[in-house]
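Engineer: Here you go, one structure.
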Amino acid sequence: MFQAIGRVDRASLRALAKIFTDMENLPATLLCLDHIFSSRPKLQGLPLSEIQESFSVYLGYVRLLTKFRRDESLAQGSNHQRLFGFKALKGNRYLVPRHTPLHDQLTGRYASSAKDTDGYGCGYDELRRGISQLISRRIQDRTEAQNSACHDIHGFSPCLSLVVEKGCNPPDEDGSCTFQHVQQEQLTVDWYHARLSLVLLQFQILDSARYGDLGVKKYVLTRSARNACGYSFNVKLLARDIVLSASSTFPEARIARESRHC
Amino acid sequence: MEDALEFLEDYDMDEARAKVLIQLGRISDAAQIHAKNGDMLKAAETLDTSTIRSTENLRLMAKCIITGLRRSLTLGVVPKSGSIASKLLVLADRLDKNAMKEQEVHEVSAPHYSIGRRV
């Protein structure tokens with residue numbers, strides 16, 4: 001893992017994350033996932049199945065971060081201690097090593113002084129608060145990057161002009177269409193299911209991350225996102241919303257309509 | 001020489017004691033002193049200089065490198081050129097995987113999976 005981190009070898013880190021998950025080594029799993037998503041995911045041009053896999057891994061990452069945020073143990077050998085590398089001293093005191101994000105979080109960036117050559121000393125409550133804030137900010141920043149990557153993939157919204165009018169006149173100045181170009185014959189049940197599960201998976205991510213930025217949610221499904229914002233997200237309602245708003249081109253919507261007429 | 005070692009130990013002169021131990025060929029003991037003081041890089045470097053590649057020495061070297069990497073590569077830390085972590089990673093290339101437990105191998109190494117796959 002450490003060599004993979006040094007080489008920024010994300011493929012190896014992804015495989016190692018699975019191994020560590022099976023071994024129930026949570027700090028190592030989180031370290032792998034954290035380096036995998038250290039930059040905005042590159043989703044452009046990937047098939048829906050690979051995008052779906054990437055989303056699933058990201059959802060696991062957010063859930064694991066949340067689990068660490070809730071964990072209260074800071075003892076020597078605890079998951080937190082192994083993840084952040086602080087030392088548990090006597091009398092509920094802790095020493096946080098310099099040049100780490102946790103040190104920066106607790107002291108303010110560039111606040112390291114000659115006084116704390118060994119690290120920053122603090123008590124239980126201060127360390128818990130620092131860890132909680134660091135993880136919360138990480139979830140927020142990383143989810144913003146992951147969600148904005150959805151804008152690149154065009155996987156959520158097919159170009160309706162192409163489907164209905166057999167032609168596309170992109171409104172963009174550079175002449176490129178911002179929607180996915182799918183031919184009518186490719187709009188199969190499988191394609192529709194893949195798209196639907198991708199949308200729901202992304203909503204699960206946003207819900208797990210408690211992410212409520214409307215401007216970013218629009219990449220997934222503007223109408224549903226607008227409805228979902230501000231209160232607890234309900235997957236069933238959104239699924240119904242997506243199905244009802246689907247074009248008659250989608251096989252399931254057509255079958256549902258025909259069965260109603262019978 | 002034993003008297004000298006005892007004297008150095010009594011006065012907590014660990015650096016000097018480690019040097020004497022190396023001169024006496026007791027590399028493992030010298031490395032243990034550095035490890036006890038928390039300097040895992042020095043401990044691993046000391047073991048790496050040894051011509052005796054015994055299983056015991058190799059296991060101790062692996063333990064020092066892994067402990068050092070766990071302490072230096074915590075959440076959000078990337079190994080920078082010239083840092084302790086990057087020096088430990090160079091030494092990690094020389095580790096004998098047969099002298100390590102499965103969990104340790106996974107923690108240190110970067111198995112080559114499908115290169116070029118995107119996330």
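Ordering of the structure tokens sets the chain letters (A, B, ...), residue numbers begin anew at 1 in every chain, and ligands are numbered from 1 in the order given.
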Could you write out as a PDB file with C-alpha atoms, in the first residue's frame the residues of chain A within 9 Å of chain B, counting only C-alpha atoms?
Structural biologist:
```
ATOM      1  CA  MET A   1       0.000   0.000   0.000  1.00  0.00           C
ATOM      2  CA  PHE A   2       2.690   2.467   0.998  1.00  0.00           C
ATOM      3  CA  GLN A   3       4.592   1.889  -2.253  1.00  0.00           C
ATOM      4  CA  ALA A   4       1.348   2.276  -4.208  1.00  0.00           C
ATOM      5  CA  ILE A   5       0.724   5.564  -2.380  1.00  0.00           C
ATOM      6  CA  GLY A   6       4.257   6.710  -3.249  1.00  0.00           C
ATOM      7  CA  ARG A   7       3.735   5.862  -6.936  1.00  0.00           C
ATOM      8  CA  ASP A   9      -0.870   3.778  -8.369  1.00  0.00           C
ATOM      9  CA  ARG A  10      -4.651   4.036  -8.052  1.00  0.00           C
ATOM     10  CA  ALA A  11      -5.367   0.658  -9.676  1.00  0.00           C
ATOM     11  CA  SER A  12      -3.293  -1.137  -7.044  1.00  0.00           C
ATOM     12  CA  LEU A  13      -4.793   0.957  -4.257  1.00  0.00           C
ATOM     13  CA  ARG A  14      -8.266  -0.021  -5.426  1.00  0.00           C
ATOM     14  CA  ALA A  15      -7.397  -3.722  -5.300  1.00  0.00           C
ATOM     15  CA  LEU A  16      -5.696  -3.289  -1.920  1.00  0.00           C
ATOM     16  CA  ILE A  19      -8.209  -6.810   0.437  1.00  0.00           C
ATOM     17  CA  PHE A  20      -8.058  -4.600   3.534  1.00  0.00           C
ATOM     18  CA  MET A  23      -9.270  -8.219   6.495  1.00  0.00           C
ATOM     19  CA  PRO A  27      -7.456   2.446   8.720  1.00  0.00           C
ATOM     20  CA  ALA A  28      -5.592   0.837   5.794  1.00  0.00           C
ATOM     21  CA  LEU A  30      -9.492   4.333   4.327  1.00  0.00           C
ATOM     22  CA  LEU A  31      -5.913   5.307   3.483  1.00  0.00           C
ATOM     23  CA  ASP A  34      -8.413   8.519   0.377  1.00  0.00           C
ATOM     24  CA  HIS A  35      -5.533   8.411  -2.104  1.00  0.00           C
ATOM     25  CA  ILE A  36      -7.767   6.973  -4.850  1.00  0.00           C
ATOM     26  CA  PHE A  37     -10.073   9.992  -4.579  1.00  0.00           C
ATOM     27  CA  SER A  38      -7.356  12.579  -3.893  1.00  0.00           C
ATOM     28  CA  PRO A  41     -12.348  11.123 -10.745  1.00  0.00           C
ATOM     29  CA  LYS A  42     -11.804  10.782 -14.496  1.00  0.00           C
ATOM     30  CA  LEU A  43     -15.121   9.454 -15.749  1.00  0.00           C
ATOM     31  CA  LEU A  46     -16.083   5.384 -19.519  1.00  0.00           C
ATOM     32  CA  GLU A  50     -17.319   1.346 -14.910  1.00  0.00           C
ATOM     33  CA  ILE A  51     -18.827   4.636 -13.812  1.00  0.00           C
ATOM     34  CA  GLU A  53     -18.304   0.774 -10.066  1.00  0.00           C
ATOM     35  CA  SER A  54     -16.481   4.019  -9.372  1.00  0.00           C
ATOM     36  CA  ARG A  82      -3.507   4.306  13.376  1.00  0.00           C
ATOM     37  CA  LEU A  83      -5.066   6.570  10.769  1.00  0.00           C
ATOM     38  CA  PHE A  84      -3.737   9.892  12.069  1.00  0.00           C
ATOM     39  CA  GLY A  85      -0.534   8.726  13.759  1.00  0.00           C
ATOM     40  CA  PHE A  86      -0.883  10.761  16.968  1.00  0.00           C
ATOM     41  CA  PRO A  97       2.700  14.984  14.552  1.00  0.00           C
ATOM     42  CA  HIS A  99       3.224  18.297   8.723  1.00  0.00           C
ATOM     43  CA  THR A 100      -0.087  16.435   8.768  1.00  0.00           C
ATOM     44  CA  PRO A 101      -3.579  17.700   7.855  1.00  0.00           C
ATOM     45  CA  LEU A 102      -4.718  17.001  11.425  1.00  0.00           C
TER      46      LEU A 102
END
```
Engineer: Would you give me, as a tab-separated table (two decimals) with C-alpha atoms, in the first residue's frame, the residues in range 40-214 of chain A that DSSP reads as strand (DSSP E)?
Structural biologist:
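So the final result, stored in result-v7.tsv, reads:
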```tsv
chain	number	residue	atom	x	y	z
A	87	LYS	CA	0.58	9.54	20.24
A	88	ALA	CA	-1.62	8.88	23.26
A	93	ARG	CA	-3.22	14.08	26.46
A	94	TYR	CA	-2.27	13.51	22.83
A	95	LEU	CA	0.64	14.53	20.60
A	96	VAL	CA	-0.28	15.20	16.96
A	120	TYR	CA	0.99	19.66	18.85
A	121	GLY	CA	-0.18	18.63	22.31
A	122	CYS	CA	-3.89	18.65	23.07
A	123	GLY	CA	-6.62	17.04	25.15
```
Engineer: A:Val163, A:Ile205, A:Leu89, A:Val62: which is nearest Arg138 in chain A, counting only C-alpha atoms?
Structural biologist: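 The shortest atom-to-atom distance to Arg138 in chain A comes from A:Val62.
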Engineer: As a PyMOL selection string, please: every residue in chain B that a backbone DSSP assignment puts in alpha helix (DSSP H).
Structural biologist: chain B and resi 2-10+14-23+27-36+40-49+55-72+84-92+102-108
Engineer: Near Thr46 in chain B, counting only C-alpha atoms, which residues have an atom at most 10 Å away, once you skip same-chain residues fewer than 6 positions from it, shown as a list in words?
Structural biologist: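 The neighbour list is Ala18, Lys19, Ile22, Ile27, Ser28, Asp29, Ala30, Ala31, Gln32, His34, Met40 and Met61 of chain B.
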Engineer: Identify, on the basis of only C-alpha atoms, every residue whose closest approach to Met1 in chain B does not exceed 9 Å; exclude the query and any residue fewer than 3 positions from it along the same chain; express the result as a list in words.
Structural biologist: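 Near neighbours after the sequence-gap exclusion: Ala4, Leu5, Glu6, Val20 and Leu24 of chain B.
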Engineer: Quick one: residues within 8 Å of Asp14 in chain B, only C-alpha atoms, excluding same-chain residues fewer than 5 positions away - as an MDAnalysis selection string?
Structural biologist: chainID B and resid 8:9 33:34
Engineer: State, in Å with one decimal place, the distance from CA of Ser39 in chain A to CA of Arg129 in chain A.
Structural biologist: 25.7 Å
